[in-house]
Amino acid sequence: MDLAARLIRWQQRHGRHDLPWQNTRDAYRIWLSEIMLQQTQVATVIPYFQRFIERFPDVFALAAASQHEVMALWSGLGYYSRARNLHRCAQQIVTDYHGIFPSDPALLASLPGIGRSTSAAIAVFSAGARAAILDGNVKRVLCRAFGIDGYPGEKTIETALWQRAETLLPKKNIEAYTQGLMDLGATVCTRSKPDCPACPLAAQCIALATGRVAELPQRKPRKETPEKQVTMLLVLDNHQVLLLRRPEYGIWGGLWSLPEMETDDPAAVEQMATAFGQVASCQPLPSFSHAFTHFRLRISPWLLRLERRATLATQQEMVWHDLARLDDAPLPAPVRKLLQEFKPDRGAAPAPARAR
Ligand code: SF4
């Protein structure tokens with residue numbers, strides 16, 4: 001029995017069949033799930049997916065929403081360029097395709113936020129197209145099953161993996177095969193503790209036969225993760241906090257966050273504090289790190305309590321936002337976590353006041 005046949009039979013018996021985006025040909029739901037699942041595990045995605053579907057039941061509703069609302073609903077899921085592309089893609093589907101997703105993987109791959117593997121997954125599950133996927137999990141399975149050396153992110157290795165993935169495609173049951181690859185990578189052939197005795201590919205797996213499961217796929221050649229530092233000013237006026245809208249591009253693009261300074265020199269922070277108004281107190285809070293894909297950000301927060309706020313002049317859009325209504329704001333996860341500690345326990349708060 002070839003690899004595809006083994007995988008299909010295993011998926012039908014042991015794979016996942018009841019995820020909220022399965023058992024449908026609705027390309028909107030399938031597309032939404034595939035975008036959310038990029039770099040993110042199923043268990044994390046499920047509640048976000050359900051909230052999105054409840055608020056935006058179809059592509060027209062999503063296209064008509066404000067970017068602010070889309071970002072707020074995405075807040076906490078990370079990789080925020082996905083949310084901006086999701087919104088742009090929905091608008092393009094409505095204007096260019098009358099709200100109907102194309103079934104051709106090449107056309108899908110031309111839309112914002114949809115790469116080659118994601119376009120294939122959408123086309124497979126929504127239209128039964130015969131197309132190959134190759135996400136991180138699938139790369140791991142193929143590297144192990146075929147004993148492929150080299151870092152899979154390297155161009156030549158990736159090209160070889162795409163060729164392998166294309167060659168393996170079965171003539172029928174493409175949905176079960178594709179889902180099987182996803183399920184196997186997520187639940188059996190996992191990165192650190194693969195369950196080889198339960199694997200349908202064990203009899204033909206080269207990594208298993210040669211004792212190389214732990215070393216495949218080969219890791220990215222190691223580079224020291226750089227660390228950047230930023231001082232964040234948590235400026236409080238009673239139960240309101242000052243938030244600035246971040247530029248569209250760059251980290252946390254389009255989200256709302258705290259005013260920042262590059263230095264954490266106390267004299268510089270105290271001097272800066274006076275720009276926000278009459279300061280009642282100004283004190284450092286414990287610093288902490290947040291990991292991004294390519295660097296770590298060391299965040300040194302300072303708490304500034306104001307007696308009276310000043311009229312601020314800044315290039316950035318800003319709001320005084322009620323701490324009681326943090327859930328409404330599209331905040332980066334570490335900023336949300338930091339602000340949670342200052343949330344008032346009781347009392348309904350008034351609507352946020354837009355400062356400019
Ligand atoms: S036998 Fe083990 S290493 Fe090989 S594909 Fe299966 S789970 Fe992965």
# chains A, B, ... in the order shown; residues from 1 in each chain; ligands from 1
>>> closest_atom_pairs(of="chain A", to="ligand 1", cutoff="7 Å", atoms="only C-alpha atoms and all ligand atoms", output="Markdown table")
| residue | atom | partner | partner_atom_place_in_ligand_line | distance |
| --- | --- | --- | --- | --- |
| A:Val141 | CA | ligand 1 | 5 (S) | 5.2 |
| A:Arg144 | CA | ligand 1 | 3 (S) | 5.2 |
| A:Ala145 | CA | ligand 1 | 5 (S) | 4.7 |
| A:Val188 | CA | ligand 1 | 7 (S) | 5.4 |
| A:Cys189 | CA | ligand 1 | 7 (S) | 3.7 |
| A:Pro194 | CA | ligand 1 | 7 (S) | 4.9 |
| A:Asp195 | CA | ligand 1 | 7 (S) | 5.3 |
| A:Cys196 | CA | ligand 1 | 2 (Fe) | 3.6 |
| A:Cys199 | CA | ligand 1 | 6 (Fe) | 4.5 |
| A:Pro200 | CA | ligand 1 | 6 (Fe) | 6.6 |
| A:Leu201 | CA | ligand 1 | 6 (Fe) | 5.0 |
| A:Ala202 | CA | ligand 1 | 1 (S) | 3.7 |
| A:Cys205 | CA | ligand 1 | 4 (Fe) | 4.6 |
| A:Ile206 | CA | ligand 1 | 4 (Fe) | 6.9 |
| A:Ala207 | CA | ligand 1 | 3 (S) | 5.8 |
| A:Leu208 | CA | ligand 1 | 4 (Fe) | 5.3 |
| A:Val213 | CA | ligand 1 | 3 (S) | 5.1 |
>>> write_last_selection(atoms="N, CA and C atoms", output="JSON list (two decimals), in the first residue's frame")
[["chain", "number", "residue", "atom", "x", "y", "z"],
["A", 141, "VAL", "N", 6.70, 15.76, 8.47],
["A", 141, "VAL", "CA", 6.32, 14.38, 8.15],
["A", 141, "VAL", "C", 7.11, 13.87, 6.94],
["A", 144, "ARG", "N", 10.86, 13.24, 7.64],
["A", 144, "ARG", "CA", 11.09, 12.02, 8.41],
["A", 144, "ARG", "C", 10.77, 10.78, 7.57],
["A", 145, "ALA", "N", 9.59, 10.78, 6.96],
["A", 145, "ALA", "CA", 9.17, 9.57, 6.23],
["A", 145, "ALA", "C", 10.15, 9.22, 5.12],
["A", 188, "VAL", "N", 0.42, 12.97, 15.70],
["A", 188, "VAL", "CA", 1.25, 11.76, 15.81],
["A", 188, "VAL", "C", 2.73, 12.08, 15.54],
["A", 189, "CYS", "N", 3.01, 12.62, 14.37],
["A", 189, "CYS", "CA", 4.41, 12.92, 14.03],
["A", 189, "CYS", "C", 4.73, 14.32, 14.53],
["A", 194, "PRO", "N", 7.15, 12.21, 18.79],
["A", 194, "PRO", "CA", 6.33, 11.49, 17.80],
["A", 194, "PRO", "C", 5.91, 10.12, 18.33],
["A", 195, "ASP", "N", 4.66, 9.76, 18.04],
["A", 195, "ASP", "CA", 4.12, 8.49, 18.50],
["A", 195, "ASP", "C", 4.24, 7.47, 17.36],
["A", 196, "CYS", "N", 5.47, 7.03, 17.11],
["A", 196, "CYS", "CA", 5.72, 6.16, 15.95],
["A", 196, "CYS", "C", 4.92, 4.85, 15.98],
["A", 199, "CYS", "N", 1.73, 5.29, 14.21],
["A", 199, "CYS", "CA", 1.79, 5.98, 12.92],
["A", 199, "CYS", "C", 1.52, 5.03, 11.75],
["A", 200, "PRO", "N", 0.65, 5.43, 10.83],
["A", 200, "PRO", "CA", 0.35, 4.57, 9.67],
["A", 200, "PRO", "C", 1.53, 4.47, 8.69],
["A", 201, "LEU", "N", 2.53, 5.36, 8.84],
["A", 201, "LEU", "CA", 3.67, 5.34, 7.92],
["A", 201, "LEU", "C", 4.88, 4.62, 8.50],
["A", 202, "ALA", "N", 4.72, 4.04, 9.70],
["A", 202, "ALA", "CA", 5.87, 3.47, 10.42],
["A", 202, "ALA", "C", 6.61, 2.43, 9.59],
["A", 205, "CYS", "N", 8.82, 4.34, 7.10],
["A", 205, "CYS", "CA", 9.46, 5.60, 7.52],
["A", 205, "CYS", "C", 10.98, 5.43, 7.62],
["A", 206, "ILE", "N", 11.69, 6.20, 6.84],
["A", 206, "ILE", "CA", 13.15, 6.06, 6.80],
["A", 206, "ILE", "C", 13.79, 6.58, 8.10],
["A", 207, "ALA", "N", 13.26, 7.68, 8.65],
["A", 207, "ALA", "CA", 13.83, 8.20, 9.90],
["A", 207, "ALA", "C", 13.70, 7.16, 11.01],
["A", 208, "LEU", "N", 12.57, 6.46, 11.05],
["A", 208, "LEU", "CA", 12.37, 5.45, 12.09],
["A", 208, "LEU", "C", 13.31, 4.27, 11.87],
["A", 213, "VAL", "N", 14.83, 9.84, 13.91],
["A", 213, "VAL", "CA", 13.59, 10.59, 14.14],
["A", 213, "VAL", "C", 13.87, 11.91, 14.86]]
>>> select_by_dssp(residues="segment 135-236 of chain A", states="alpha helix (DSSP H)", output="VMD selection string")
chain A and resid 136 to 145 155 to 168 174 to 183 206 to 209
>>> select_by_dssp(residues="segment 159-323 of chain A", states="strand (DSSP E)", output="PyMOL selection string")
chain A and resi 227-237+240-245+256-257+260-261+277-284+288-291+296-309+318-322
>>> write_last_selection(atoms="N, CA and C atoms", output="compact mmCIF listing (two decimals), in the first residue's frame")
# COMPACT_ATOMS: atom_id res chain seq x y z
N GLU A 227 17.90 40.98 21.03
CA GLU A 227 16.92 41.54 21.97
C GLU A 227 16.86 43.05 21.78
N LYS A 228 15.61 43.55 21.70
CA LYS A 228 15.42 45.00 21.63
C LYS A 228 14.77 45.42 22.93
N GLN A 229 14.89 46.70 23.23
CA GLN A 229 14.28 47.17 24.48
C GLN A 229 13.39 48.37 24.20
N VAL A 230 12.29 48.44 24.93
CA VAL A 230 11.42 49.61 24.80
C VAL A 230 10.85 49.95 26.18
N THR A 231 10.69 51.23 26.42
CA THR A 231 10.01 51.67 27.64
C THR A 231 8.58 52.03 27.27
N MET A 232 7.62 51.47 27.99
CA MET A 232 6.21 51.78 27.71
C MET A 232 5.65 52.60 28.87
N LEU A 233 4.93 53.65 28.53
CA LEU A 233 4.38 54.53 29.56
C LEU A 233 2.89 54.24 29.73
N LEU A 234 2.57 53.76 30.91
CA LEU A 234 1.18 53.44 31.22
C LEU A 234 0.60 54.69 31.88
N VAL A 235 0.01 55.56 31.07
CA VAL A 235 -0.42 56.87 31.56
C VAL A 235 -1.90 56.76 31.99
N LEU A 236 -2.14 56.89 33.29
CA LEU A 236 -3.51 56.73 33.81
C LEU A 236 -4.07 58.07 34.30
N ASP A 237 -5.29 58.33 33.88
CA ASP A 237 -6.03 59.47 34.42
C ASP A 237 -7.32 58.88 34.98
N GLN A 240 -8.97 55.83 33.16
CA GLN A 240 -8.71 55.82 31.72
C GLN A 240 -7.21 55.74 31.46
N VAL A 241 -6.87 55.05 30.37
CA VAL A 241 -5.47 54.90 29.99
C VAL A 241 -5.27 55.51 28.60
N LEU A 242 -4.12 56.10 28.41
CA LEU A 242 -3.83 56.72 27.12
C LEU A 242 -3.31 55.66 26.15
N LEU A 243 -3.98 55.53 24.98
CA LEU A 243 -3.56 54.57 23.95
C LEU A 243 -3.25 55.31 22.66
N LEU A 244 -2.21 54.86 21.97
CA LEU A 244 -1.86 55.43 20.67
C LEU A 244 -2.02 54.33 19.61
N ARG A 245 -2.47 54.74 18.43
CA ARG A 245 -2.59 53.76 17.34
C ARG A 245 -1.24 53.60 16.67
N TRP A 256 -3.68 49.22 18.92
CA TRP A 256 -3.54 50.33 19.86
C TRP A 256 -2.60 49.90 20.98
N SER A 257 -1.70 50.79 21.35
CA SER A 257 -0.71 50.42 22.36
C SER A 257 -0.37 51.64 23.22
N GLU A 260 5.60 55.07 23.85
CA GLU A 260 6.89 54.38 24.03
C GLU A 260 8.05 55.36 24.03
N MET A 261 9.13 54.94 24.69
CA MET A 261 10.41 55.65 24.62
C MET A 261 11.50 54.60 24.43
N GLY A 277 0.74 65.86 31.38
CA GLY A 277 -0.10 66.64 32.28
C GLY A 277 0.57 66.79 33.62
N GLN A 278 -0.26 67.11 34.63
CA GLN A 278 0.28 67.26 35.97
C GLN A 278 0.41 65.87 36.60
N VAL A 279 1.63 65.48 36.96
CA VAL A 279 1.90 64.10 37.37
C VAL A 279 1.74 63.93 38.87
N ALA A 280 0.91 62.97 39.28
CA ALA A 280 0.76 62.67 40.70
C ALA A 280 1.84 61.70 41.16
N SER A 281 2.15 60.71 40.30
CA SER A 281 3.21 59.76 40.65
C SER A 281 3.77 59.15 39.37
N CYS A 282 5.03 58.71 39.45
CA CYS A 282 5.71 58.14 38.28
C CYS A 282 6.66 57.07 38.80
N GLN A 283 6.38 55.80 38.48
CA GLN A 283 7.20 54.74 39.06
C GLN A 283 7.42 53.59 38.07
N PRO A 284 8.58 52.94 38.13
CA PRO A 284 8.81 51.80 37.22
C PRO A 284 8.04 50.57 37.70
N PHE A 288 9.56 42.87 31.55
CA PHE A 288 9.31 41.51 31.08
C PHE A 288 9.64 41.43 29.59
N SER A 289 9.74 40.18 29.09
CA SER A 289 10.10 39.97 27.68
C SER A 289 8.93 39.43 26.89
N HIS A 290 8.87 39.80 25.62
CA HIS A 290 7.88 39.23 24.71
C HIS A 290 8.63 38.71 23.48
N ALA A 291 8.34 37.46 23.10
CA ALA A 291 9.08 36.87 21.98
C ALA A 291 8.38 37.09 20.66
N ARG A 296 13.56 39.24 20.54
CA ARG A 296 12.82 39.36 21.80
C ARG A 296 12.72 40.84 22.13
N LEU A 297 11.57 41.22 22.65
CA LEU A 297 11.38 42.62 23.03
C LEU A 297 11.35 42.70 24.55
N ARG A 298 12.29 43.44 25.11
CA ARG A 298 12.33 43.65 26.56
C ARG A 298 11.50 44.89 26.84
N ILE A 299 10.41 44.74 27.59
CA ILE A 299 9.50 45.86 27.83
C ILE A 299 9.69 46.34 29.26
N SER A 300 10.03 47.62 29.40
CA SER A 300 10.15 48.22 30.74
C SER A 300 8.99 49.19 30.92
N PRO A 301 7.95 48.79 31.66
CA PRO A 301 6.81 49.69 31.82
C PRO A 301 7.01 50.69 32.97
N TRP A 302 6.48 51.89 32.78
CA TRP A 302 6.44 52.88 33.84
C TRP A 302 4.98 53.27 34.05
N LEU A 303 4.61 53.39 35.32
CA LEU A 303 3.23 53.79 35.63
C LEU A 303 3.21 55.28 35.97
N LEU A 304 2.42 56.02 35.18
CA LEU A 304 2.28 57.46 35.41
C LEU A 304 0.83 57.74 35.79
N ARG A 305 0.63 58.27 36.99
CA ARG A 305 -0.74 58.67 37.36
C ARG A 305 -0.81 60.18 37.26
N LEU A 306 -1.86 60.66 36.60
CA LEU A 306 -2.00 62.10 36.39
C LEU A 306 -3.01 62.70 37.36
N GLU A 307 -2.74 63.92 37.76
CA GLU A 307 -3.75 64.68 38.51
C GLU A 307 -4.62 65.45 37.51
N ARG A 308 -3.96 65.91 36.46
CA ARG A 308 -4.71 66.61 35.41
C ARG A 308 -4.04 66.33 34.07
N ARG A 309 -4.82 65.95 33.06
CA ARG A 309 -4.22 65.63 31.77
C ARG A 309 -4.01 66.89 30.94
N MET A 318 -4.86 59.02 18.90
CA MET A 318 -4.84 58.53 20.28
C MET A 318 -6.21 58.61 20.94
N VAL A 319 -6.41 57.82 21.98
CA VAL A 319 -7.67 57.83 22.74
C VAL A 319 -7.35 57.69 24.22
N TRP A 320 -8.26 58.24 25.04
CA TRP A 320 -8.26 57.89 26.46
C TRP A 320 -9.30 56.78 26.58
N HIS A 321 -8.84 55.58 26.92
CA HIS A 321 -9.72 54.41 26.87
C HIS A 321 -10.03 53.93 28.30
N ASP A 322 -11.30 53.58 28.53
CA ASP A 322 -11.68 53.11 29.86
C ASP A 322 -11.05 51.75 30.16
>>> residues_around(residues="Ala186 of chain A", least_positions_apart="6", cutoff="12 Å", atoms="only C-alpha atoms", output="ChimeraX atom specification")
/A:15-16,37,39-43,135-141,179-180,192-195
>>> residues_around(residues="segment 102-111 of chain A", least_positions_apart="6", cutoff="12 Å", atoms="only C-alpha atoms", output="PDB file with N, CA and C atoms, in the first residue's frame")
ATOM      1  N   ARG A  25     -18.474  22.609   2.565  1.00  0.00           N
ATOM      2  CA  ARG A  25     -17.754  23.039   1.360  1.00  0.00           C
ATOM      3  C   ARG A  25     -17.722  24.565   1.314  1.00  0.00           C
ATOM      4  N   ASP A  26     -18.138  25.194   2.414  1.00  0.00           N
ATOM      5  CA  ASP A  26     -18.199  26.657   2.453  1.00  0.00           C
ATOM      6  C   ASP A  26     -16.773  27.233   2.458  1.00  0.00           C
ATOM      7  N   ALA A  27     -16.377  27.795   1.308  1.00  0.00           N
ATOM      8  CA  ALA A  27     -14.994  28.278   1.162  1.00  0.00           C
ATOM      9  C   ALA A  27     -14.677  29.393   2.155  1.00  0.00           C
ATOM     10  N   TYR A  28     -15.696  30.164   2.553  1.00  0.00           N
ATOM     11  CA  TYR A  28     -15.459  31.257   3.510  1.00  0.00           C
ATOM     12  C   TYR A  28     -14.969  30.698   4.846  1.00  0.00           C
ATOM     13  N   ILE A  30     -13.739  27.729   5.419  1.00  0.00           N
ATOM     14  CA  ILE A  30     -12.483  26.991   5.231  1.00  0.00           C
ATOM     15  C   ILE A  30     -11.309  27.970   5.134  1.00  0.00           C
ATOM     16  N   TRP A  31     -11.501  29.035   4.345  1.00  0.00           N
ATOM     17  CA  TRP A  31     -10.455  30.060   4.217  1.00  0.00           C
ATOM     18  C   TRP A  31     -10.133  30.696   5.568  1.00  0.00           C
ATOM     19  N   ASN A  85      -4.608  41.280   6.217  1.00  0.00           N
ATOM     20  CA  ASN A  85      -4.773  40.629   4.913  1.00  0.00           C
ATOM     21  C   ASN A  85      -6.130  39.951   4.795  1.00  0.00           C
ATOM     22  N   LEU A  86      -6.601  39.386   5.903  1.00  0.00           N
ATOM     23  CA  LEU A  86      -7.917  38.727   5.916  1.00  0.00           C
ATOM     24  C   LEU A  86      -8.994  39.723   5.490  1.00  0.00           C
ATOM     25  N   HIS A  87      -8.916  40.905   6.080  1.00  0.00           N
ATOM     26  CA  HIS A  87      -9.901  41.949   5.798  1.00  0.00           C
ATOM     27  C   HIS A  87      -9.798  42.396   4.333  1.00  0.00           C
ATOM     28  N   ARG A  88      -8.565  42.630   3.878  1.00  0.00           N
ATOM     29  CA  ARG A  88      -8.359  43.053   2.483  1.00  0.00           C
ATOM     30  C   ARG A  88      -8.819  41.970   1.521  1.00  0.00           C
ATOM     31  N   CYS A  89      -8.537  40.722   1.873  1.00  0.00           N
ATOM     32  CA  CYS A  89      -8.923  39.606   1.008  1.00  0.00           C
ATOM     33  C   CYS A  89     -10.448  39.524   0.906  1.00  0.00           C
ATOM     34  N   ALA A  90     -11.142  39.684   2.039  1.00  0.00           N
ATOM     35  CA  ALA A  90     -12.618  39.636   2.022  1.00  0.00           C
ATOM     36  C   ALA A  90     -13.154  40.728   1.098  1.00  0.00           C
ATOM     37  N   GLN A  91     -12.568  41.912   1.192  1.00  0.00           N
ATOM     38  CA  GLN A  91     -13.044  43.016   0.346  1.00  0.00           C
ATOM     39  C   GLN A  91     -12.784  42.715  -1.133  1.00  0.00           C
ATOM     40  N   GLN A  92     -11.643  42.092  -1.418  1.00  0.00           N
ATOM     41  CA  GLN A  92     -11.339  41.762  -2.810  1.00  0.00           C
ATOM     42  C   GLN A  92     -12.262  40.662  -3.345  1.00  0.00           C
ATOM     43  N   ILE A  93     -12.587  39.695  -2.491  1.00  0.00           N
ATOM     44  CA  ILE A  93     -13.510  38.630  -2.913  1.00  0.00           C
ATOM     45  C   ILE A  93     -14.877  39.231  -3.263  1.00  0.00           C
ATOM     46  N   VAL A  94     -15.297  40.209  -2.469  1.00  0.00           N
ATOM     47  CA  VAL A  94     -16.602  40.838  -2.714  1.00  0.00           C
ATOM     48  C   VAL A  94     -16.558  41.688  -3.991  1.00  0.00           C
ATOM     49  N   ASP A  96     -14.158  41.775  -6.544  1.00  0.00           N
ATOM     50  CA  ASP A  96     -13.674  41.149  -7.796  1.00  0.00           C
ATOM     51  C   ASP A  96     -14.363  39.832  -8.133  1.00  0.00           C
ATOM     52  N   SER A 117       0.544  26.936  -0.058  1.00  0.00           N
ATOM     53  CA  SER A 117      -0.013  25.822   0.710  1.00  0.00           C
ATOM     54  C   SER A 117      -1.448  26.117   1.156  1.00  0.00           C
ATOM     55  N   THR A 118      -1.674  27.349   1.616  1.00  0.00           N
ATOM     56  CA  THR A 118      -3.030  27.710   2.066  1.00  0.00           C
ATOM     57  C   THR A 118      -4.014  27.666   0.902  1.00  0.00           C
ATOM     58  N   SER A 119      -3.598  28.136  -0.270  1.00  0.00           N
ATOM     59  CA  SER A 119      -4.511  28.123  -1.424  1.00  0.00           C
ATOM     60  C   SER A 119      -4.879  26.680  -1.776  1.00  0.00           C
ATOM     61  N   ALA A 120      -3.890  25.783  -1.671  1.00  0.00           N
ATOM     62  CA  ALA A 120      -4.166  24.381  -1.973  1.00  0.00           C
ATOM     63  C   ALA A 120      -5.165  23.799  -0.977  1.00  0.00           C
ATOM     64  N   ALA A 121      -4.967  24.108   0.313  1.00  0.00           N
ATOM     65  CA  ALA A 121      -5.876  23.567   1.340  1.00  0.00           C
ATOM     66  C   ALA A 121      -7.302  24.059   1.105  1.00  0.00           C
ATOM     67  N   ILE A 122      -7.453  25.343   0.786  1.00  0.00           N
ATOM     68  CA  ILE A 122      -8.799  25.895   0.556  1.00  0.00           C
ATOM     69  C   ILE A 122      -9.432  25.201  -0.663  1.00  0.00           C
ATOM     70  N   ALA A 123      -8.640  25.057  -1.739  1.00  0.00           N
ATOM     71  CA  ALA A 123      -9.171  24.449  -2.960  1.00  0.00           C
ATOM     72  C   ALA A 123      -9.531  22.977  -2.750  1.00  0.00           C
ATOM     73  N   VAL A 124      -8.731  22.275  -1.956  1.00  0.00           N
ATOM     74  CA  VAL A 124      -9.012  20.856  -1.673  1.00  0.00           C
ATOM     75  C   VAL A 124     -10.331  20.729  -0.914  1.00  0.00           C
ATOM     76  N   PHE A 125     -10.439  21.490   0.199  1.00  0.00           N
ATOM     77  CA  PHE A 125     -11.589  21.273   1.081  1.00  0.00           C
ATOM     78  C   PHE A 125     -12.885  21.916   0.552  1.00  0.00           C
ATOM     79  N   SER A 126     -12.757  22.973  -0.252  1.00  0.00           N
ATOM     80  CA  SER A 126     -13.981  23.621  -0.726  1.00  0.00           C
ATOM     81  C   SER A 126     -14.418  23.101  -2.089  1.00  0.00           C
ATOM     82  N   ALA A 127     -13.451  22.559  -2.891  1.00  0.00           N
ATOM     83  CA  ALA A 127     -13.824  22.164  -4.255  1.00  0.00           C
ATOM     84  C   ALA A 127     -13.252  20.812  -4.670  1.00  0.00           C
ATOM     85  N   GLY A 128     -12.584  20.116  -3.760  1.00  0.00           N
ATOM     86  CA  GLY A 128     -12.020  18.800  -4.097  1.00  0.00           C
ATOM     87  C   GLY A 128     -10.886  18.884  -5.106  1.00  0.00           C
ATOM     88  N   ALA A 129     -10.206  20.043  -5.202  1.00  0.00           N
ATOM     89  CA  ALA A 129      -9.103  20.191  -6.170  1.00  0.00           C
ATOM     90  C   ALA A 129      -7.938  19.278  -5.789  1.00  0.00           C
ATOM     91  N   ARG A 130      -7.211  18.823  -6.794  1.00  0.00           N
ATOM     92  CA  ARG A 130      -6.053  17.942  -6.525  1.00  0.00           C
ATOM     93  C   ARG A 130      -4.809  18.819  -6.437  1.00  0.00           C
ATOM     94  N   ALA A 131      -4.527  19.300  -5.213  1.00  0.00           N
ATOM     95  CA  ALA A 131      -3.420  20.238  -5.018  1.00  0.00           C
ATOM     96  C   ALA A 131      -2.676  19.859  -3.745  1.00  0.00           C
ATOM     97  N   ALA A 132      -1.368  20.155  -3.736  1.00  0.00           N
ATOM     98  CA  ALA A 132      -0.522  19.729  -2.609  1.00  0.00           C
ATOM     99  C   ALA A 132      -0.367  20.834  -1.579  1.00  0.00           C
ATOM    100  N   ILE A 133      -0.412  20.446  -0.308  1.00  0.00           N
ATOM    101  CA  ILE A 133      -0.117  21.381   0.779  1.00  0.00           C
ATOM    102  C   ILE A 133       1.302  21.120   1.292  1.00  0.00           C
TER     103      ILE A 133
END
>>> residues_around(residues="Trp74 of chain A", least_positions_apart="3", cutoff="12 Å", atoms="only C-alpha atoms", output="ChimeraX atom specification")
/A:32,35-36,44-45,47-52,55,67-71,77-87,252,254-255,327-333
>>> decode(residues="segment 62-81 of chain A", atoms="N, CA and C atoms", output="CSV table (one decimal), in the first residue's frame")
chain,number,residue,atom,x,y,z
A,62,LEU,N,-17.8,40.4,6.7
A,62,LEU,CA,-16.4,40.6,7.1
A,62,LEU,C,-15.9,41.8,6.2
A,63,ALA,N,-16.2,41.8,5.0
A,63,ALA,CA,-15.7,42.9,4.1
A,63,ALA,C,-16.3,44.2,4.5
A,64,ALA,N,-17.5,44.2,5.0
A,64,ALA,CA,-18.2,45.5,5.4
A,64,ALA,C,-17.7,46.0,6.8
A,65,ALA,N,-17.0,45.2,7.5
A,65,ALA,CA,-16.6,45.6,8.9
A,65,ALA,C,-15.5,46.6,8.8
A,66,SER,N,-15.3,47.4,9.9
A,66,SER,CA,-14.2,48.3,10.0
A,66,SER,C,-12.9,47.5,10.4
A,67,GLN,N,-11.8,48.0,10.0
A,67,GLN,CA,-10.5,47.3,10.3
A,67,GLN,C,-10.4,47.2,11.8
A,68,HIS,N,-10.8,48.3,12.5
A,68,HIS,CA,-10.7,48.4,14.0
A,68,HIS,C,-11.4,47.1,14.6
A,69,GLU,N,-12.6,46.8,14.1
A,69,GLU,CA,-13.4,45.7,14.7
A,69,GLU,C,-12.7,44.4,14.4
A,70,VAL,N,-12.2,44.2,13.1
A,70,VAL,CA,-11.5,43.0,12.8
A,70,VAL,C,-10.3,42.8,13.7
A,71,MET,N,-9.5,43.9,13.8
A,71,MET,CA,-8.3,43.7,14.6
A,71,MET,C,-8.7,43.4,16.1
A,72,ALA,N,-9.7,44.0,16.6
A,72,ALA,CA,-10.1,43.8,18.0
A,72,ALA,C,-10.5,42.3,18.2
A,73,LEU,N,-11.2,41.8,17.2
A,73,LEU,CA,-11.6,40.4,17.4
A,73,LEU,C,-10.4,39.4,17.2
A,74,TRP,N,-9.4,39.9,16.5
A,74,TRP,CA,-8.2,39.0,16.3
A,74,TRP,C,-7.3,39.2,17.4
A,75,SER,N,-7.4,40.2,18.2
A,75,SER,CA,-6.5,40.5,19.3
A,75,SER,C,-6.2,39.3,20.1
A,76,GLY,N,-4.9,39.0,20.3
A,76,GLY,CA,-4.5,37.9,21.1
A,76,GLY,C,-4.0,36.7,20.2
A,77,LEU,N,-4.5,36.6,19.0
A,77,LEU,CA,-4.1,35.5,18.1
A,77,LEU,C,-2.7,35.7,17.5
A,78,GLY,N,-2.2,36.9,17.5
A,78,GLY,CA,-0.8,37.1,17.0
A,78,GLY,C,-0.7,37.2,15.5
A,79,TYR,N,0.5,37.5,15.0
A,79,TYR,CA,0.8,37.6,13.6
A,79,TYR,C,-0.3,38.5,12.9
A,80,TYR,N,-0.4,39.8,13.3
A,80,TYR,CA,-1.5,40.6,13.0
A,80,TYR,C,-1.6,41.0,11.5
A,81,SER,N,-0.5,40.8,10.8
A,81,SER,CA,-0.6,41.0,9.3
A,81,SER,C,-1.7,40.0,8.7
